[in-house]
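> The structure is given below, and queries will be raised subsequently.
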Amino acid sequence: MITKQTLHEISRGYLKTAMLRTAIDLRLFDTMVDAPADSGAIATTLGVDARALRILLDGLVAIGLLTKAGSGYRLAPGGENYLPTSSPQYFGGAVRLGASDWEWDAQKRLTDSVRKGGTVLDEHYLTPDLDYWEDFAEHTTWFNNGAADLLADQLMPWAKDRESVDVLDVACSHGSYGFAFARREPRARIWGLDWPNVLPHTRRNAERSGLADRLELIPGDMFSVPLGGPYDLVLLTNVLHHFAEETATGLLERLSAAVKPGGRIAVVGHTFPEGADPARTPMPFLFSVSMLVQTHDGETHSIQTYERMLAASGFTGTRRYTGPKAQHTVFIAEKA
């Protein structure tokens, strides 16, 4: 049931985002990892105004990120897994992206986007050399939600019988999907395609993974740059939701020409079954709102749309995979 309280919480929801973003920016959560901390001591450590910090700390208690006993503040249960920068599961990268100025400024224009039917921004997700994608490629720890491992696991039985394992990773960004596969398949060589400003981050991530000697870089626009090849495998991960079905199908057709007969394409993205209830599966439908304000005609595509696009592009035998740790769905199909 909709109540005034429900509407009030929605309309003021940005306060929670702002408090979390500020705490991450200040590295506030690092100050209370080992023991509860007094607000004055935290203010001194961070070099901020004591009164302002007390207000922020109490606000973080109010939204459940901290607890308070007397004058001491500490992480709420579970917070130690995601909020300190020392945690392997640190969520700060996700906050940096999901609550970025790019996202906030775009959502301010949602009314205009609804009127127009797409982004009204001068700079958006499809703008060449957008520096948002540099941040996206750099902050990868939050992003690998299990779909990269799921993709690699499903491809390994096929790859072991190949004479070669040449991989084109399109819009490779952080490179996590190709690198997850290459760590399992020592013969795999990766050609990473992305904007020129993104690829230095891809290269650094490859170096961190010990895979730099198996990575080649292709700078340019995936719709026009020469692809090279042919390849045994093409990866297209979290890309097609930026485009309408017709444009996305055209891209798949272009990539199909670069795949060897009997090769594979692996496509990853948010999706939903046609007819799904947004109240029961909210994430893909909320993600479409982000695509509305940041692209010309993108949206979350249904499972059936992905299957239709792959079939129209010369791929057969599409299989779909999901897993408990994967927020995205993996589609794998064969080049006819």
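Chain labels run A, B, ... following the order of the structure tokens; each chain numbers its residues from 1, and ligands are numbered from 1 in the order shown.
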Would you mind listing what lies within 7 Å of segment 191-193 of chain A as a VMD selection string, with only C-alpha atoms counted and same-chain residues fewer than 3 positions away left out?

chain A and resid 167 to 172 215 to 220

> Pull the alpha helix (DSSP H) assignments for segment 117-329 of chain A out of DSSP run on the backbone, and list those residues as a ChimeraX atom specification.

/A:132-138,147-159,176-184,199-208,245-256,282-294,303-312

> Quick one: pull the distance between atom CA of His328 of chain A and atom CA of Gly269 of chain A, Å, one decimal.

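Atom CA of His328 of chain A sits 5.2 Å away from atom CA of Gly269 of chain A.
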
> Using only C-alpha atoms, pick whichever of A:His201, A:Arg184, A:Lys325, A:Arg12 has the shortest atom-to-atom distance to Ala147 of chain A.

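Smallest distance to Ala147 of chain A is found for A:Lys325.
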
> If you run DSSP over the backbone, which residues in segment 155-200 of chain A end up strand (DSSP E)? Put them as a PyMOL selection string.

chain A and resi 166-170+189-194

> Using the selection just defined, write its residues with all heavy atoms as a PDB file, in the first residue's frame.


```pdb
ATOM      1  N   ASP A 166      41.735 -18.039 -29.672  1.00  0.00           N
ATOM      2  CA  ASP A 166      41.892 -16.602 -29.876  1.00  0.00           C
ATOM      3  C   ASP A 166      40.579 -15.916 -29.519  1.00  0.00           C
ATOM      4  O   ASP A 166      39.511 -16.309 -30.012  1.00  0.00           O
ATOM      5  CB  ASP A 166      42.253 -16.297 -31.322  1.00  0.00           C
ATOM      6  CG  ASP A 166      43.638 -16.828 -31.682  1.00  0.00           C
ATOM      7  OD1 ASP A 166      44.451 -17.041 -30.757  1.00  0.00           O
ATOM      8  OD2 ASP A 166      43.898 -17.052 -32.877  1.00  0.00           O
ATOM      9  N   VAL A 167      40.668 -14.883 -28.690  1.00  0.00           N
ATOM     10  CA  VAL A 167      39.474 -14.266 -28.103  1.00  0.00           C
ATOM     11  C   VAL A 167      39.446 -12.779 -28.417  1.00  0.00           C
ATOM     12  O   VAL A 167      40.419 -12.057 -28.162  1.00  0.00           O
ATOM     13  CB  VAL A 167      39.455 -14.459 -26.570  1.00  0.00           C
ATOM     14  CG1 VAL A 167      38.185 -13.858 -25.971  1.00  0.00           C
ATOM     15  CG2 VAL A 167      39.593 -15.934 -26.209  1.00  0.00           C
ATOM     16  N   LEU A 168      38.330 -12.313 -28.955  1.00  0.00           N
ATOM     17  CA  LEU A 168      38.082 -10.884 -29.139  1.00  0.00           C
ATOM     18  C   LEU A 168      37.127 -10.431 -28.044  1.00  0.00           C
ATOM     19  O   LEU A 168      35.994 -10.906 -27.961  1.00  0.00           O
ATOM     20  CB  LEU A 168      37.466 -10.604 -30.513  1.00  0.00           C
ATOM     21  CG  LEU A 168      37.041  -9.155 -30.774  1.00  0.00           C
ATOM     22  CD1 LEU A 168      38.239  -8.215 -30.749  1.00  0.00           C
ATOM     23  CD2 LEU A 168      36.287  -9.045 -32.102  1.00  0.00           C
ATOM     24  N   ASP A 169      37.585  -9.531 -27.192  1.00  0.00           N
ATOM     25  CA  ASP A 169      36.762  -8.987 -26.103  1.00  0.00           C
ATOM     26  C   ASP A 169      36.338  -7.579 -26.503  1.00  0.00           C
ATOM     27  O   ASP A 169      37.137  -6.642 -26.490  1.00  0.00           O
ATOM     28  CB  ASP A 169      37.569  -8.981 -24.807  1.00  0.00           C
ATOM     29  CG  ASP A 169      36.715  -8.656 -23.585  1.00  0.00           C
ATOM     30  OD1 ASP A 169      35.533  -8.300 -23.752  1.00  0.00           O
ATOM     31  OD2 ASP A 169      37.238  -8.760 -22.461  1.00  0.00           O
ATOM     32  N   VAL A 170      35.077  -7.427 -26.891  1.00  0.00           N
ATOM     33  CA  VAL A 170      34.552  -6.183 -27.453  1.00  0.00           C
ATOM     34  C   VAL A 170      34.032  -5.283 -26.334  1.00  0.00           C
ATOM     35  O   VAL A 170      33.274  -5.738 -25.476  1.00  0.00           O
ATOM     36  CB  VAL A 170      33.444  -6.483 -28.462  1.00  0.00           C
ATOM     37  CG1 VAL A 170      32.882  -5.182 -29.046  1.00  0.00           C
ATOM     38  CG2 VAL A 170      33.974  -7.372 -29.579  1.00  0.00           C
ATOM     39  N   ARG A 189      44.528 -16.236 -25.975  1.00  0.00           N
ATOM     40  CA  ARG A 189      45.088 -14.919 -26.217  1.00  0.00           C
ATOM     41  C   ARG A 189      43.924 -13.962 -26.424  1.00  0.00           C
ATOM     42  O   ARG A 189      42.961 -14.301 -27.119  1.00  0.00           O
ATOM     43  CB  ARG A 189      46.019 -14.913 -27.426  1.00  0.00           C
ATOM     44  CG  ARG A 189      47.302 -15.718 -27.216  1.00  0.00           C
ATOM     45  CD  ARG A 189      48.298 -15.490 -28.344  1.00  0.00           C
ATOM     46  NE  ARG A 189      48.651 -14.071 -28.462  1.00  0.00           N
ATOM     47  CZ  ARG A 189      49.579 -13.467 -27.691  1.00  0.00           C
ATOM     48  NH1 ARG A 189      50.203 -14.149 -26.768  1.00  0.00           N
ATOM     49  NH2 ARG A 189      49.851 -12.188 -27.866  1.00  0.00           N
ATOM     50  N   ILE A 190      44.021 -12.790 -25.810  1.00  0.00           N
ATOM     51  CA  ILE A 190      42.917 -11.838 -25.799  1.00  0.00           C
ATOM     52  C   ILE A 190      43.255 -10.627 -26.654  1.00  0.00           C
ATOM     53  O   ILE A 190      44.343 -10.052 -26.538  1.00  0.00           O
ATOM     54  CB  ILE A 190      42.621 -11.360 -24.355  1.00  0.00           C
ATOM     55  CG1 ILE A 190      42.468 -12.543 -23.397  1.00  0.00           C
ATOM     56  CG2 ILE A 190      41.372 -10.474 -24.347  1.00  0.00           C
ATOM     57  CD1 ILE A 190      41.285 -13.411 -23.652  1.00  0.00           C
ATOM     58  N   TRP A 191      42.328 -10.246 -27.523  1.00  0.00           N
ATOM     59  CA  TRP A 191      42.381  -8.969 -28.228  1.00  0.00           C
ATOM     60  C   TRP A 191      41.296  -8.087 -27.606  1.00  0.00           C
ATOM     61  O   TRP A 191      40.102  -8.362 -27.757  1.00  0.00           O
ATOM     62  CB  TRP A 191      42.136  -9.151 -29.726  1.00  0.00           C
ATOM     63  CG  TRP A 191      43.341  -9.590 -30.476  1.00  0.00           C
ATOM     64  CD1 TRP A 191      44.161  -8.829 -31.258  1.00  0.00           C
ATOM     65  CD2 TRP A 191      43.895 -10.932 -30.535  1.00  0.00           C
ATOM     66  NE1 TRP A 191      45.174  -9.589 -31.798  1.00  0.00           N
ATOM     67  CE2 TRP A 191      45.037 -10.889 -31.370  1.00  0.00           C
ATOM     68  CE3 TRP A 191      43.534 -12.159 -29.968  1.00  0.00           C
ATOM     69  CZ2 TRP A 191      45.810 -12.006 -31.640  1.00  0.00           C
ATOM     70  CZ3 TRP A 191      44.308 -13.276 -30.230  1.00  0.00           C
ATOM     71  CH2 TRP A 191      45.430 -13.203 -31.054  1.00  0.00           C
ATOM     72  N   GLY A 192      41.703  -7.053 -26.883  1.00  0.00           N
ATOM     73  CA  GLY A 192      40.752  -6.188 -26.190  1.00  0.00           C
ATOM     74  C   GLY A 192      40.456  -4.942 -26.997  1.00  0.00           C
ATOM     75  O   GLY A 192      41.355  -4.174 -27.340  1.00  0.00           O
ATOM     76  N   LEU A 193      39.174  -4.723 -27.311  1.00  0.00           N
ATOM     77  CA  LEU A 193      38.731  -3.583 -28.122  1.00  0.00           C
ATOM     78  C   LEU A 193      37.969  -2.608 -27.227  1.00  0.00           C
ATOM     79  O   LEU A 193      37.021  -3.000 -26.540  1.00  0.00           O
ATOM     80  CB  LEU A 193      37.852  -4.073 -29.266  1.00  0.00           C
ATOM     81  CG  LEU A 193      37.434  -3.101 -30.364  1.00  0.00           C
ATOM     82  CD1 LEU A 193      36.919  -3.878 -31.581  1.00  0.00           C
ATOM     83  CD2 LEU A 193      36.364  -2.110 -29.926  1.00  0.00           C
ATOM     84  N   ASP A 194      38.371  -1.343 -27.262  1.00  0.00           N
ATOM     85  CA  ASP A 194      37.635  -0.306 -26.525  1.00  0.00           C
ATOM     86  C   ASP A 194      38.156   1.055 -26.966  1.00  0.00           C
ATOM     87  O   ASP A 194      39.077   1.151 -27.782  1.00  0.00           O
ATOM     88  CB  ASP A 194      37.789  -0.491 -25.005  1.00  0.00           C
ATOM     89  CG  ASP A 194      36.523  -0.079 -24.259  1.00  0.00           C
ATOM     90  OD1 ASP A 194      35.966   1.002 -24.561  1.00  0.00           O
ATOM     91  OD2 ASP A 194      36.081  -0.833 -23.369  1.00  0.00           O
TER      92      ASP A 194
END
```

> At a cut-off of 12 Å, can you tabulate as a tab-separated table every residue of segment 100-149 of chain A near segment 243-255 of chain A together with its closest atom pair and the distance in Å to one decimal, using only C-alpha atoms and ordering rows by chain then number?


```
residue	atom	partner	partner_atom	distance
A:Gly117	CA	A:Ala244	CA	11.9
A:Gly118	CA	A:Phe243	CA	10.8
A:Tyr125	CA	A:Phe243	CA	10.8
A:Leu126	CA	A:Phe243	CA	9.6
```

> Dump all heavy atoms for the selected residues as a PDB file, in the first residue's frame?


```pdb
ATOM      1  N   GLY A 117      12.433  10.726 -25.412  1.00  0.00           N
ATOM      2  CA  GLY A 117      12.571   9.316 -25.757  1.00  0.00           C
ATOM      3  C   GLY A 117      13.993   8.811 -25.666  1.00  0.00           C
ATOM      4  O   GLY A 117      14.315   7.734 -26.180  1.00  0.00           O
ATOM      5  N   GLY A 118      14.870   9.562 -25.001  1.00  0.00           N
ATOM      6  CA  GLY A 118      16.270   9.173 -24.856  1.00  0.00           C
ATOM      7  C   GLY A 118      17.058  10.286 -24.210  1.00  0.00           C
ATOM      8  O   GLY A 118      16.493  11.307 -23.790  1.00  0.00           O
ATOM      9  N   TYR A 125      26.667   7.985 -22.222  1.00  0.00           N
ATOM     10  CA  TYR A 125      27.407   6.728 -22.245  1.00  0.00           C
ATOM     11  C   TYR A 125      28.042   6.412 -23.604  1.00  0.00           C
ATOM     12  O   TYR A 125      29.013   5.660 -23.671  1.00  0.00           O
ATOM     13  CB  TYR A 125      26.478   5.569 -21.871  1.00  0.00           C
ATOM     14  CG  TYR A 125      26.257   5.391 -20.399  1.00  0.00           C
ATOM     15  CD1 TYR A 125      25.266   4.535 -19.932  1.00  0.00           C
ATOM     16  CD2 TYR A 125      27.033   6.050 -19.452  1.00  0.00           C
ATOM     17  CE1 TYR A 125      25.049   4.345 -18.574  1.00  0.00           C
ATOM     18  CE2 TYR A 125      26.822   5.873 -18.102  1.00  0.00           C
ATOM     19  CZ  TYR A 125      25.837   5.019 -17.670  1.00  0.00           C
ATOM     20  OH  TYR A 125      25.623   4.826 -16.326  1.00  0.00           O
ATOM     21  N   LEU A 126      27.496   6.956 -24.674  1.00  0.00           N
ATOM     22  CA  LEU A 126      28.001   6.625 -26.006  1.00  0.00           C
ATOM     23  C   LEU A 126      28.921   7.700 -26.570  1.00  0.00           C
ATOM     24  O   LEU A 126      29.302   7.641 -27.734  1.00  0.00           O
ATOM     25  CB  LEU A 126      26.822   6.379 -26.951  1.00  0.00           C
ATOM     26  CG  LEU A 126      25.818   5.320 -26.480  1.00  0.00           C
ATOM     27  CD1 LEU A 126      24.691   5.167 -27.484  1.00  0.00           C
ATOM     28  CD2 LEU A 126      26.501   3.986 -26.233  1.00  0.00           C
TER      29      LEU A 126
END
```

> Distance atom CA of Val33 of chain A-atom CA of Ser100 of chain A, one decimal place?

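Distance reported for this atom pair: 25.4 Å.
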